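Asks: Next comes input-v7.tsv, TSV, C-alpha atoms and all ligand atoms:
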```tsv
chain	number	residue	atom	x	y	z
A	176	MET	CA	97.91	96.44	140.21
A	177	ILE	CA	99.58	97.65	136.99
A	178	TRP	CA	100.91	94.79	134.88
A	179	LEU	CA	102.21	96.67	131.83
A	180	GLU	CA	103.04	100.34	131.31
A	181	LEU	CA	103.81	101.75	127.89
A	182	HIS	CA	105.59	105.09	127.44
A	183	ILE	CA	105.00	106.47	123.94
A	184	LEU	CA	107.85	108.83	123.14
A	185	GLY	CA	107.20	109.53	119.47
A	186	THR	CA	103.92	109.72	117.53
A	187	ALA	CA	104.95	111.19	114.15
A	188	SER	CA	105.18	109.25	110.93
A	189	ALA	CA	108.38	109.45	108.83
A	190	ARG	CA	109.77	112.73	110.27
A	191	PRO	CA	109.37	115.05	113.25
A	192	ALA	CA	106.37	117.36	112.85
A	193	GLY	CA	105.40	120.06	115.35
A	194	ALA	CA	105.16	118.57	118.83
A	195	ARG	CA	105.39	115.05	117.44
A	196	ASP	CA	108.68	113.22	117.14
A	197	VAL	CA	109.47	109.95	115.36
A	198	SER	CA	108.80	106.48	116.76
A	199	GLY	CA	110.14	105.04	120.01
A	200	SER	CA	108.37	103.52	123.04
A	201	LEU	CA	109.25	101.78	126.29
A	202	LEU	CA	107.24	98.98	127.84
A	203	SER	CA	107.83	98.57	131.55
A	204	CYS	CA	106.74	95.47	133.48
A	205	GLU	CA	107.82	93.65	136.62
A	206	ASP	CA	110.46	91.68	134.67
A	207	GLY	CA	112.17	94.75	133.18
A	208	ILE	CA	111.82	97.14	130.26
A	209	ALA	CA	111.52	96.61	126.50
A	210	VAL	CA	112.26	99.37	124.00
A	211	ILE	CA	110.04	99.22	120.92
A	212	ASP	CA	111.76	101.09	118.04
A	213	ALA	CA	114.26	103.89	118.53
A	214	GLY	CA	113.96	106.57	115.84
A	215	GLU	CA	116.18	109.63	115.51
A	216	GLY	CA	116.75	111.38	118.85
A	217	PHE	CA	115.43	108.46	120.88
A	218	GLN	CA	117.88	108.88	123.73
A	219	ILE	CA	116.99	112.55	124.17
A	220	ARG	CA	113.29	111.76	124.52
A	221	TYR	CA	114.08	108.82	126.80
A	222	ALA	CA	116.17	111.05	129.13
A	223	GLN	CA	113.39	113.65	129.06
A	224	GLN	CA	110.75	111.08	130.03
A	225	ARG	CA	112.94	109.88	132.91
A	226	LYS	CA	113.21	113.48	134.16
A	227	ARG	CA	109.44	113.93	133.94
A	228	LEU	CA	108.88	110.72	135.90
A	229	LYS	CA	111.34	111.77	138.59
A	230	LEU	CA	109.55	115.07	138.97
A	231	HIS	CA	105.95	113.90	138.84
A	232	THR	CA	105.89	110.19	139.71
A	233	PRO	CA	108.39	109.31	142.44
A	234	THR	CA	107.57	105.59	142.19
A	235	GLY	CA	108.07	105.30	138.42
A	236	SER	CA	111.47	104.46	137.02
A	237	LEU	CA	112.80	103.81	133.54
A	238	ARG	CA	116.44	103.19	134.53
A	239	ALA	CA	118.51	101.93	131.59
A	240	ALA	CA	119.78	99.13	133.83
A	241	ARG	CA	116.24	97.67	133.71
A	242	ILE	CA	116.16	97.58	129.89
A	243	ASP	CA	116.69	94.02	128.64
A	244	VAL	CA	115.46	94.05	125.08
A	245	VAL	CA	114.99	96.24	122.01
A	246	CYS	CA	112.13	95.07	119.77
A	247	LEU	CA	112.38	96.63	116.31
A	248	THR	CA	109.24	96.63	114.16
A	249	HIS	CA	111.07	97.22	110.84
A	250	GLY	CA	114.08	98.92	109.31
A	251	HIS	CA	112.70	102.32	108.23
A	252	LEU	CA	115.06	104.90	109.62
A	253	ASP	CA	112.42	106.82	111.58
A	254	HIS	CA	112.20	103.63	113.70
A	255	THR	CA	115.92	102.75	113.96
A	256	TRP	CA	118.19	105.77	113.50
A	257	GLY	CA	118.41	106.54	117.22
A	258	LEU	CA	119.55	103.09	118.30
A	259	LEU	CA	123.31	103.26	117.69
A	260	PRO	CA	123.97	106.56	119.56
A	261	TRP	CA	121.97	105.31	122.52
A	262	LEU	CA	123.93	102.01	122.60
A	263	GLN	CA	127.11	104.14	122.73
A	264	THR	CA	125.71	106.23	125.61
A	265	MET	CA	125.00	103.09	127.62
A	266	SER	CA	128.62	102.09	127.00
A	267	LEU	CA	129.81	105.46	128.35
A	268	ASP	CA	127.52	104.87	131.36
A	269	ARG	CA	129.35	101.56	131.90
A	270	ARG	CA	126.34	99.35	131.36
A	271	THR	CA	126.96	95.74	132.34
A	272	ARG	CA	123.53	94.16	131.84
A	273	PRO	CA	123.22	92.09	128.63
A	274	LEU	CA	120.94	93.45	125.92
A	275	LEU	CA	118.89	91.53	123.38
A	276	ILE	CA	118.09	93.24	120.04
A	277	VAL	CA	115.46	91.58	117.85
A	278	GLY	CA	113.82	92.48	114.57
A	279	PRO	CA	112.22	91.17	111.38
A	280	THR	CA	113.84	90.31	108.06
A	281	SER	CA	113.04	88.15	105.02
A	282	THR	CA	113.76	84.49	104.30
A	283	GLU	CA	116.09	85.50	101.43
A	284	VAL	CA	118.25	87.50	103.83
A	285	LEU	CA	118.17	84.76	106.48
A	286	ASP	CA	119.30	82.19	103.89
A	287	ALA	CA	122.06	84.41	102.51
A	288	LEU	CA	123.47	85.18	105.96
A	289	THR	CA	123.41	81.59	107.21
A	290	ASP	CA	125.11	80.47	103.95
A	291	GLY	CA	127.84	83.08	104.53
A	292	ARG	CA	126.76	85.13	101.51
A	293	ALA	CA	126.29	88.90	101.27
A	294	ILE	CA	122.85	90.45	101.75
A	295	PRO	CA	121.06	90.05	98.39
A	296	GLU	CA	120.82	93.24	96.35
A	297	SER	CA	117.09	92.72	96.06
A	298	ALA	CA	116.76	93.45	99.81
A	299	PRO	CA	115.50	97.00	100.45
A	300	PRO	CA	117.93	99.77	101.45
A	301	ALA	CA	116.31	99.86	104.91
A	302	GLU	CA	116.89	96.12	105.47
A	303	LEU	CA	117.60	95.61	109.18
A	304	ALA	CA	120.45	93.14	108.53
A	305	ARG	CA	122.21	95.85	106.50
A	306	GLN	CA	121.82	98.30	109.38
A	307	MET	CA	122.97	95.81	112.00
A	308	GLN	CA	126.10	95.04	109.98
A	309	SER	CA	126.89	98.74	109.61
A	310	TRP	CA	126.30	99.34	113.34
A	311	HIS	CA	128.72	96.49	114.07
A	312	SER	CA	131.35	98.10	111.83
A	313	LEU	CA	130.76	101.39	113.69
A	314	GLY	CA	131.57	99.78	117.04
A	315	ALA	CA	128.31	98.23	118.24
A	316	THR	CA	129.80	94.91	119.32
A	317	SER	CA	129.89	93.40	122.81
A	318	THR	CA	133.68	93.83	122.92
A	319	GLN	CA	133.65	97.48	121.95
A	320	LEU	CA	130.55	98.48	123.92
A	321	GLY	CA	131.66	96.65	127.06
A	322	TYR	CA	128.34	94.86	127.58
A	323	GLU	CA	126.92	91.80	125.91
A	324	VAL	CA	124.58	92.43	122.97
A	325	ARG	CA	122.76	89.64	121.13
A	326	TRP	CA	121.59	90.44	117.59
A	327	ILE	CA	118.59	88.41	116.45
A	328	LEU	CA	116.75	88.56	113.13
A	329	GLY	CA	113.82	86.48	112.00
A	330	ASP	CA	111.22	85.80	109.37
A	331	VAL	CA	108.22	86.27	111.62
A	332	GLN	CA	105.67	84.49	109.44
A	333	ALA	CA	107.96	81.44	109.05
A	334	ASP	CA	109.03	81.65	112.73
A	335	SER	CA	112.63	81.21	111.56
A	336	TRP	CA	115.42	82.97	113.50
A	337	ILE	CA	119.14	83.63	113.28
A	338	GLU	CA	121.74	85.18	115.55
A	339	LEU	CA	124.42	87.43	114.08
A	340	ASP	CA	127.98	87.20	115.35
A	341	PRO	CA	129.57	90.61	114.69
A	342	THR	CA	133.10	89.34	115.38
A	343	SER	CA	133.16	86.50	112.87
A	344	GLN	CA	130.53	88.23	110.69
A	345	THR	CA	128.61	84.98	110.49
A	346	ALA	CA	125.04	84.06	111.32
A	347	ALA	CA	123.69	80.89	112.87
A	348	GLN	CA	120.18	79.52	112.88
A	349	ILE	CA	118.57	79.36	116.34
A	350	PRO	CA	115.55	77.20	117.24
A	351	SER	CA	113.26	80.01	118.40
A	352	LEU	CA	113.10	83.68	119.28
A	353	PRO	CA	114.99	84.10	122.58
A	354	GLN	CA	113.13	85.81	125.41
A	355	PRO	CA	114.81	88.59	127.40
A	356	GLN	CA	117.15	87.19	130.04
A	357	GLY	CA	115.47	86.65	133.40
A	358	TRP	CA	111.93	87.49	132.25
A	359	ARG	CA	109.47	85.18	133.99
A	360	HIS	CA	106.11	86.95	133.86
A	361	VAL	CA	105.91	88.51	130.41
A	362	ASN	CA	106.58	87.06	126.94
A	363	ILE	CA	107.54	89.09	123.89
A	364	VAL	CA	105.70	87.84	120.82
A	365	PRO	CA	106.25	89.08	117.24
A	366	LEU	CA	103.15	89.29	115.00
A	367	ALA	CA	103.40	89.38	111.22
A	368	THR	CA	102.39	92.71	109.68
A	369	THR	CA	102.22	94.11	106.14
A	370	HIS	CA	104.59	96.94	105.18
A	371	THR	CA	106.93	97.91	102.33
A	372	VAL	CA	109.85	96.20	104.13
A	373	PRO	CA	109.87	93.09	106.39
A	374	SER	CA	107.93	94.13	109.49
A	375	CYS	CA	106.19	92.92	112.61
A	376	ALA	CA	104.13	94.12	115.54
A	377	TRP	CA	105.18	93.25	119.09
A	378	MET	CA	102.84	91.80	121.67
A	379	PHE	CA	103.63	91.81	125.37
A	380	GLU	CA	101.72	89.03	127.02
A	381	THR	CA	101.63	88.31	130.75
A	382	LYS	CA	101.59	84.62	131.64
A	383	GLU	CA	98.50	83.11	133.20
A	384	LYS	CA	98.88	82.66	136.93
A	385	ALA	CA	97.17	80.07	139.12
A	386	GLY	CA	94.96	81.57	141.84
A	387	LYS	CA	96.15	81.67	145.46
A	388	PHE	CA	95.70	78.59	147.69
A	389	ASN	CA	93.47	79.38	150.67
A	390	ARG	CA	95.73	78.37	153.60
A	391	LEU	CA	93.41	79.89	156.18
A	392	LYS	CA	90.51	77.71	155.10
A	393	ALA	CA	92.77	74.64	155.14
A	394	ALA	CA	93.95	75.51	158.65
A	395	GLU	CA	90.39	76.04	159.91
A	396	LEU	CA	89.48	72.57	158.66
A	397	ARG	CA	92.63	71.21	160.37
A	398	LEU	CA	93.78	69.53	157.20
A	399	THR	CA	97.06	67.59	157.30
A	400	THR	CA	100.04	68.68	155.21
A	401	ALA	CA	99.44	65.71	152.90
A	402	GLN	CA	95.79	66.71	152.40
A	403	GLN	CA	96.81	70.32	151.71
A	404	THR	CA	99.36	69.13	149.15
A	405	GLU	CA	96.68	67.07	147.37
A	406	LEU	CA	94.29	70.03	147.23
A	407	GLY	CA	97.12	72.41	146.31
A	408	GLN	CA	97.95	70.21	143.31
A	409	GLY	CA	94.34	70.27	142.17
A	410	ARG	CA	93.10	66.88	143.40
A	411	ASP	CA	89.83	66.57	145.35
A	412	ILE	CA	90.05	64.72	148.68
A	413	THR	CA	87.67	62.82	150.97
A	414	LEU	CA	87.96	63.32	154.74
A	415	ALA	CA	87.76	60.51	157.33
A	416	ASN	CA	84.12	61.51	158.06
A	417	GLY	CA	83.23	60.94	154.39
A	418	GLU	CA	82.99	64.63	153.52
A	419	SER	CA	84.59	65.41	150.16
A	420	LEU	CA	86.47	68.63	149.48
A	421	ALA	CA	86.84	70.05	145.97
A	422	ALA	CA	90.33	71.34	145.16
A	423	SER	CA	88.75	74.20	143.19
A	424	SER	CA	87.11	75.56	146.35
A	425	PHE	CA	90.57	76.15	147.83
A	426	ARG	CA	91.89	78.36	145.06
A	427	SER	CA	90.93	81.85	143.98
A	428	ALA	CA	90.29	82.36	140.26
A	429	ALA	CA	93.31	82.17	137.97
A	430	ILE	CA	94.76	85.47	136.81
A	431	GLU	CA	94.17	85.70	133.09
A	432	PRO	CA	96.94	86.72	130.67
A	433	ARG	CA	96.95	90.38	129.58
A	434	ARG	CA	97.98	91.47	126.11
A	435	LEU	CA	99.30	94.77	124.82
A	436	VAL	CA	100.17	95.08	121.12
A	437	VAL	CA	102.28	97.77	119.42
A	438	SER	CA	101.62	97.60	115.67
A	439	GLY	CA	104.64	99.33	114.13
A	440	ASP	CA	103.96	100.40	110.52
A	441	THR	CA	101.44	98.25	108.71
A	442	ALA	CA	98.51	98.11	106.37
A	443	GLU	CA	95.25	97.40	108.20
A	444	GLN	CA	94.24	93.87	109.20
A	445	ALA	CA	97.82	92.61	109.53
A	446	PRO	CA	97.70	88.79	109.47
A	447	GLY	CA	99.49	88.31	112.80
A	448	ILE	CA	97.24	90.79	114.60
A	449	LYS	CA	94.02	89.57	113.00
A	450	ALA	CA	94.84	86.03	114.14
A	451	LEU	CA	94.49	87.07	117.81
A	452	SER	CA	91.15	86.62	119.52
A	453	ALA	CA	91.53	88.88	122.57
A	454	VAL	CA	93.73	91.88	123.22
A	455	ASP	CA	93.49	94.38	126.05
A	456	VAL	CA	95.23	97.29	124.33
A	457	ILE	CA	96.39	97.78	120.76
A	458	VAL	CA	98.54	100.80	119.92
A	459	HIS	CA	98.05	101.05	116.18
A	460	GLU	CA	99.45	103.31	113.52
A	461	ALA	CA	97.01	105.70	111.83
A	462	THR	CA	99.24	107.49	109.36
A	463	PHE	CA	96.42	108.69	107.13
A	464	LEU	CA	92.82	109.91	107.21
A	465	ASP	CA	90.05	108.58	105.00
A	466	ASP	CA	90.54	111.39	102.45
A	467	THR	CA	94.01	109.94	101.69
A	468	LYS	CA	93.18	106.26	102.06
A	469	ASP	CA	94.76	105.58	98.65
A	470	HIS	CA	98.11	106.64	100.14
A	471	ALA	CA	97.58	104.12	102.94
A	472	THR	CA	96.92	101.35	100.41
A	473	GLU	CA	99.86	102.34	98.22
A	474	HIS	CA	102.43	102.67	101.02
A	475	LEU	CA	101.07	99.86	103.19
A	476	HIS	CA	100.09	102.07	106.09
A	477	SER	CA	96.73	102.38	107.87
A	478	THR	CA	94.06	105.03	108.16
A	479	ALA	CA	92.40	105.77	111.50
A	480	THR	CA	89.34	103.80	110.33
A	481	GLY	CA	91.63	100.93	109.23
A	482	ALA	CA	93.17	100.92	112.71
A	483	THR	CA	89.65	100.55	114.14
A	484	ARG	CA	88.85	97.66	111.78
A	485	THR	CA	92.08	95.95	112.86
A	486	ALA	CA	91.35	96.52	116.56
A	487	LEU	CA	87.87	95.03	116.10
A	488	SER	CA	89.26	92.04	114.21
A	489	CYS	CA	91.56	91.05	117.10
A	490	GLY	CA	88.96	91.55	119.83
A	491	ALA	CA	90.70	94.55	121.38
A	492	ASN	CA	89.16	96.47	124.26
A	493	HIS	CA	91.10	99.67	123.80
A	494	LEU	CA	92.70	101.26	120.73
A	495	VAL	CA	95.38	103.94	120.90
A	496	LEU	CA	96.00	105.78	117.62
A	497	THR	CA	99.56	106.89	116.83
A	498	HIS	CA	102.11	107.51	114.00
A	499	PHE	CA	100.40	110.46	112.30
A	500	SER	CA	101.34	112.04	109.01
A	501	ALA	CA	102.50	115.67	109.29
A	502	ARG	CA	99.26	116.64	107.50
A	503	ILE	CA	97.21	115.67	110.56
A	504	LYS	CA	97.26	118.73	112.81
A	505	ASP	CA	94.04	118.23	114.76
A	506	PRO	CA	93.95	114.93	116.70
A	507	THR	CA	90.17	115.03	117.01
A	508	VAL	CA	89.85	114.30	113.26
A	509	PRO	CA	91.43	110.79	113.33
A	510	LEU	CA	89.66	110.15	116.64
A	511	ASP	CA	86.26	111.03	115.13
A	512	GLU	CA	86.86	108.89	112.05
A	513	ALA	CA	88.03	105.94	114.16
A	514	THR	CA	85.10	106.27	116.57
A	515	LYS	CA	82.52	106.38	113.76
A	516	GLU	CA	83.95	103.17	112.33
A	517	ASP	CA	83.23	101.39	115.63
A	518	ALA	CA	79.47	101.36	115.07
A	519	ASN	CA	78.67	99.07	118.02
A	520	ASN	CA	80.90	100.91	120.50
A	521	SER	CA	82.92	97.75	121.15
A	522	LEU	CA	86.08	99.75	121.73
A	523	THR	CA	87.36	102.67	123.71
A	524	ILE	CA	89.67	104.78	121.56
A	525	SER	CA	92.27	107.42	122.40
A	526	VAL	CA	94.90	109.42	120.53
A	527	ALA	CA	98.55	109.36	121.60
A	528	LYS	CA	100.77	112.39	122.08
A	529	ASP	CA	104.50	112.25	122.72
A	530	GLY	CA	105.14	111.46	126.39
A	531	ASP	CA	101.82	109.72	127.05
A	532	ARG	CA	101.64	106.61	129.22
A	533	ILE	CA	99.28	103.65	128.74
A	534	LEU	CA	98.64	101.61	131.90
A	535	LEU	CA	97.23	98.09	131.76
A	536	GLY	CA	96.13	96.60	135.08
A	537	SER	CA	95.96	92.97	136.19
A	538	SER	CA	92.22	92.78	135.62
A	539	GLY	CA	92.42	94.38	132.18
A	540	GLN	CA	91.59	97.97	133.08
A	541	THR	CA	93.35	100.46	130.81
A	542	THR	CA	94.26	104.07	131.57
A	543	HIS	CA	95.63	106.51	129.01
A	544	LEU	CA	97.63	109.16	130.86
A	545	SER	CA	98.20	112.25	128.70
A	546	TRP	CA	101.33	114.30	129.17
A	547	THR	CA	100.12	117.83	129.92
A	548	GLY	CA	103.52	119.56	129.98
A	549	ASP	CA	103.30	119.57	133.76
A	550	GLY	CA	102.45	116.02	134.74
A	551	TRP	CA	100.04	113.39	133.45
A	552	ALA	CA	96.25	113.47	133.43
A	553	ALA	CA	93.78	110.64	132.82
B	1	ZN	ZN	107.08	104.80	110.47
B	2	ZN	ZN	107.75	102.30	107.87
```
Please express the file's structure as structure tokens.

Replies:
Amino acid sequence: MIWLELHILGTASARPAGARDVSGSLLSCEDGIAVIDAGEGFQIRYAQQRKRLKLHTPTGSLRAARIDVVCLTHGHLDHTWGLLPWLQTMSLDRRTRPLLIVGPTSTEVLDALTDGRAIPESAPPAELARQMQSWHSLGATSTQLGYEVRWILGDVQADSWIELDPTSQTAAQIPSLPQPQGWRHVNIVPLATTHTVPSCAWMFETKEKAGKFNRLKAAELRLTTAQQTELGQGRDITLANGESLAASSFRSAAIEPRRLVVSGDTAEQAPGIKALSAVDVIVHEATFLDDTKDHATEHLHSTATGATRTALSCGANHLVLTHFSARIKDPTVPLDEATKEDANNSLTISVAKDGDRILLGSSGQTTHLSWTGDGWAA
């Protein structure tokens, strides 16, 4: 069974280059869909992916009505510029479902907004709060869009969050990051990263599930309802004949949580990612190759080898490389560099193209489906 499915719609860094477009992904799970970043032209690529799915995968669906949350990794425009037009399109389509929009900012901005002050001038031009305020003034409010939108910003490292109210132009502190409405099986978790503006990665984590109670076995042993309840709640019981029954023998193994991380833009070994001890899939930026590793250091991006080091540090099983500089024409080059860095073969590594899908199953198996132009191939 597939737990999480990621559609990667843009794999270029900074600007469209050849067949690669700027960032934007969709994560589909049984609870709904999360959008992770929405760079320029996002809605065009989203509509295109829906068409492809309709044609090639009758069971797959990325209906906008299933989208509950937009997780922004940072404010650089190649990650945000497509959001406003797409919000307007959903308004034209008479969306009614509420939408949660969440992203990172700094403590200085949080403090200024909750105190009713303007965004400090020291905040970078691409500050998300600045963009959210301008989107509000351009009509992106619940009243004008016709569906409810919640605007949440936070300092990820400090785990401090505020909600913006576009009507009163005020901001109020909230106790924690809200989860998408109605989501019961998957949590969205921000992870602190290191970039030239406030940034975070997003982790999608399925909740651990208790194993199934073996009703057939209980029936065969003619257990009473009270005895079944005891065992079902994890307590061992002793039968009238003195035989004891262990509650654990009546339940299949628990289903472990699964984790998929999307890095956004970051220098390698981001603190929030490094702090994890097990990840099934990490989709990590690899803007540069080793020959330009100084650029990666200077601009707080990663190289393909840095992405590998990060994946190893968080105990990942599979690494997907993405977000390539326009200089990288041949995808085998970052793949070779990344693979060489994994000396003990602890990882499987693949390279993303626009339109690819990453499937993560309930037992942790990962499949990278490549868009071929005429369907997907493993
Ligand atoms: Zn970027
Ligand atoms: Zn960036």

Asks: Given a cut-off of 9 Å, what residues near ligand ZN 2 (chain B) show up using only C-alpha atoms and all ligand atoms, put as a PDB file with C-alpha atoms, in the coordinates of the input?

Replies:
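Saved result, result.pdb, follows:
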```
ATOM      1  CA  SER A 188     105.180 109.250 110.930  1.00  0.00           C
ATOM      2  CA  ALA A 189     108.380 109.450 108.830  1.00  0.00           C
ATOM      3  CA  THR A 248     109.240  96.630 114.160  1.00  0.00           C
ATOM      4  CA  HIS A 249     111.070  97.220 110.840  1.00  0.00           C
ATOM      5  CA  GLY A 250     114.080  98.920 109.310  1.00  0.00           C
ATOM      6  CA  HIS A 251     112.700 102.320 108.230  1.00  0.00           C
ATOM      7  CA  LEU A 252     115.060 104.900 109.620  1.00  0.00           C
ATOM      8  CA  ASP A 253     112.420 106.820 111.580  1.00  0.00           C
ATOM      9  CA  HIS A 254     112.200 103.630 113.700  1.00  0.00           C
ATOM     10  CA  HIS A 370     104.590  96.940 105.180  1.00  0.00           C
ATOM     11  CA  THR A 371     106.930  97.910 102.330  1.00  0.00           C
ATOM     12  CA  VAL A 372     109.850  96.200 104.130  1.00  0.00           C
ATOM     13  CA  SER A 374     107.930  94.130 109.490  1.00  0.00           C
ATOM     14  CA  GLY A 439     104.640  99.330 114.130  1.00  0.00           C
ATOM     15  CA  ASP A 440     103.960 100.400 110.520  1.00  0.00           C
ATOM     16  CA  THR A 441     101.440  98.250 108.710  1.00  0.00           C
ATOM     17  CA  HIS A 474     102.430 102.670 101.020  1.00  0.00           C
ATOM     18  CA  LEU A 475     101.070  99.860 103.190  1.00  0.00           C
ATOM     19  CA  HIS A 476     100.090 102.070 106.090  1.00  0.00           C
TER      20      HIS A 476
END
```

Asks: Taking into account all atoms listed in the file, which residue in the set A:Ser545, A:Thr404, A:Thr462, A:Gln540 is nearest to Ala501 (chain A)?

Replies: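 Checking each candidate against Ala501 (chain A), we get A:Thr462 as the closest.
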
Asks: If you count all atoms listed in the file, which residues fall within 8 Å of Trp261 (chain A), apart from same-chain ones fewer than 3 positions away, as a list of chain:residue names?

Replies: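 Returned residues: A:Phe217, A:Gln218, A:Gly257, A:Leu258, A:Thr264, A:Met265.
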
Asks: Might you pull out every residue within 12 Å of Asp243 (chain A), with only C-alpha atoms counted and same-chain residues fewer than 4 positions away left off, and present them as a ChimeraX atom specification?

Replies: /A:201-211,237-239,270-277,322-325,353-358,363

Asks: Kindly indicate which residue among A:Lys387, A:His459, A:Arg410, A:Arg292 lies nearest to ligand ZN 1 (chain B), using only C-alpha atoms and all ligand atoms for the distances.

Replies: A:His459

Asks: When you look at Lys392 (chain A) with a cut-off of 12 Å (counting only C-alpha atoms), what residues show up, excluding the ones that are within fewer than 4 positions of it in the same chain? I need them as number ranges by chain.

Replies: A: 387-388, 396-398, 403, 406, 420, 422, 424-427

Asks: Using only C-alpha atoms, which of A:Leu328, A:Ala315, A:Leu262, A:Val244 sits nearest Thr280 (chain A)?

Replies: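 Residue with the minimum atom-to-atom distance to Thr280 (chain A): A:Leu328.
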
Asks: Quick check, in Å to one decimal: how far apart do CA of Ser477 (chain A) and CA of Glu460 (chain A) lie?

Replies: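 Result for CA of Ser477 (chain A) versus CA of Glu460 (chain A): 6.3 Å, one decimal.
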
Asks: For each of A:Leu288, A:Ala213, A:Leu230, A:Cys246, take the minimum atom-to-atom distance to ligand ZN 1 (chain B), counting all atoms listed in the file, then give the residue where this is smallest.

Replies: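 Comparing A:Leu288, A:Ala213, A:Leu230, A:Cys246 against ligand ZN 1 (chain B), the winner is A:Ala213.
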
Asks: For CA of Thr480 (chain A) and CA of Ser521 (chain A), quote the distance in Å rounded to one decimal.

Replies: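 Straight-line distance from CA of Thr480 (chain A) to CA of Ser521 (chain A) works out to 14.0 Å.
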
Asks: For a quick check of your reading of the model, name the residues lying within 7 Å of the coordinate (89.9, 111.9, 107.2), counting all atoms listed in the file, and write them as a list in words.

Replies: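 Protein, DNA and RNA residues close to (89.9, 111.9, 107.2): Leu464, Asp465, Asp466, Val508, Pro509 and Glu512 of chain A.
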
Asks: Could you tell me how far CA of Met176 (chain A) sits from CA of Asp549 (chain A), in Å to one decimal place?

Replies: 24.6 Å

Asks: Please provide as number ranges by chain all residues within 12 Å of Leu181 (chain A), with the sequence filter that same-chain residues fewer than 3 positions apart are discarded (counting all atoms listed in the file).

Replies: A: 177-178, 184-185, 199-204, 208-211, 224, 235, 237, 378-379, 434-437, 456-458, 495, 527, 529-536, 541-545

Asks: Taking into account only C-alpha atoms and all ligand atoms, which residue in the set A:Arg220, A:Arg227, A:Arg190, A:Arg433 is nearest to ligand ZN 1 (chain B)?

Replies: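 The shortest atom-to-atom distance to ligand ZN 1 (chain B) comes from A:Arg190.
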
Asks: I'd like the contact shell of Met307 (chain A) - 12 Å cut-off, only C-alpha atoms, skipping same-chain residues fewer than 3 positions apart - returned as a compact mmCIF listing (two decimals) with C-alpha atoms, in the coordinates of the input.

Replies:
```txt
# COMPACT_ATOMS: atom_id res chain seq x y z
CA LEU A 247 112.38 96.63 116.31
CA GLY A 250 114.08 98.92 109.31
CA THR A 255 115.92 102.75 113.96
CA TRP A 256 118.19 105.77 113.50
CA LEU A 258 119.55 103.09 118.30
CA LEU A 259 123.31 103.26 117.69
CA ILE A 276 118.09 93.24 120.04
CA VAL A 277 115.46 91.58 117.85
CA GLY A 278 113.82 92.48 114.57
CA PRO A 279 112.22 91.17 111.38
CA THR A 280 113.84 90.31 108.06
CA ILE A 294 122.85 90.45 101.75
CA ALA A 301 116.31 99.86 104.91
CA GLU A 302 116.89 96.12 105.47
CA LEU A 303 117.60 95.61 109.18
CA ALA A 304 120.45 93.14 108.53
CA TRP A 310 126.30 99.34 113.34
CA HIS A 311 128.72 96.49 114.07
CA SER A 312 131.35 98.10 111.83
CA LEU A 313 130.76 101.39 113.69
CA GLY A 314 131.57 99.78 117.04
CA ALA A 315 128.31 98.23 118.24
CA THR A 316 129.80 94.91 119.32
CA VAL A 324 124.58 92.43 122.97
CA ARG A 325 122.76 89.64 121.13
CA TRP A 326 121.59 90.44 117.59
CA ILE A 327 118.59 88.41 116.45
CA LEU A 328 116.75 88.56 113.13
CA GLU A 338 121.74 85.18 115.55
CA LEU A 339 124.42 87.43 114.08
CA ASP A 340 127.98 87.20 115.35
CA PRO A 341 129.57 90.61 114.69
CA GLN A 344 130.53 88.23 110.69
CA ALA A 346 125.04 84.06 111.32
```

Asks: With all atoms listed in the file as the atoms that count, which of A:Ala298, A:Ala552, A:Leu179, A:Ala461 lies nearest to Thr282 (chain A)?

Replies: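 Residue with the minimum atom-to-atom distance to Thr282 (chain A): A:Ala298.
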
Asks: Pull N, CA and C atoms for region 498-506 of chain A from the block and write them as a JSON list (two decimals), in the first residue's frame.

Replies:
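What ended up in part_39.json:
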```
[["chain", "number", "residue", "atom", "x", "y", "z"],
["A", 498, "HIS", "N", 16.63, 20.45, -7.84],
["A", 498, "HIS", "CA", 17.01, 21.86, -7.75],
["A", 498, "HIS", "C", 18.41, 22.08, -8.29],
["A", 499, "PHE", "N", 18.54, 21.87, -9.63],
["A", 499, "PHE", "CA", 19.85, 21.95, -10.28],
["A", 499, "PHE", "C", 20.09, 23.31, -10.92],
["A", 500, "SER", "N", 21.31, 23.78, -10.79],
["A", 500, "SER", "CA", 21.73, 24.99, -11.48],
["A", 500, "SER", "C", 21.64, 24.76, -12.99],
["A", 501, "ALA", "N", 21.41, 25.84, -13.73],
["A", 501, "ALA", "CA", 21.29, 25.74, -15.20],
["A", 501, "ALA", "C", 22.57, 25.19, -15.83],
["A", 502, "ARG", "N", 23.68, 25.26, -15.09],
["A", 502, "ARG", "CA", 24.96, 24.75, -15.62],
["A", 502, "ARG", "C", 24.95, 23.22, -15.73],
["A", 503, "ILE", "N", 24.12, 22.58, -14.92],
["A", 503, "ILE", "CA", 24.12, 21.10, -14.91],
["A", 503, "ILE", "C", 23.19, 20.61, -16.02],
["A", 504, "LYS", "N", 23.80, 20.12, -17.09],
["A", 504, "LYS", "CA", 23.00, 19.66, -18.23],
["A", 504, "LYS", "C", 22.81, 18.15, -18.18],
["A", 505, "ASP", "N", 23.84, 17.45, -17.70],
["A", 505, "ASP", "CA", 23.82, 15.99, -17.73],
["A", 505, "ASP", "C", 23.56, 15.46, -16.31],
["A", 506, "PRO", "N", 22.38, 14.87, -16.08],
["A", 506, "PRO", "CA", 22.02, 14.44, -14.72],
["A", 506, "PRO", "C", 22.89, 13.31, -14.17]]
```
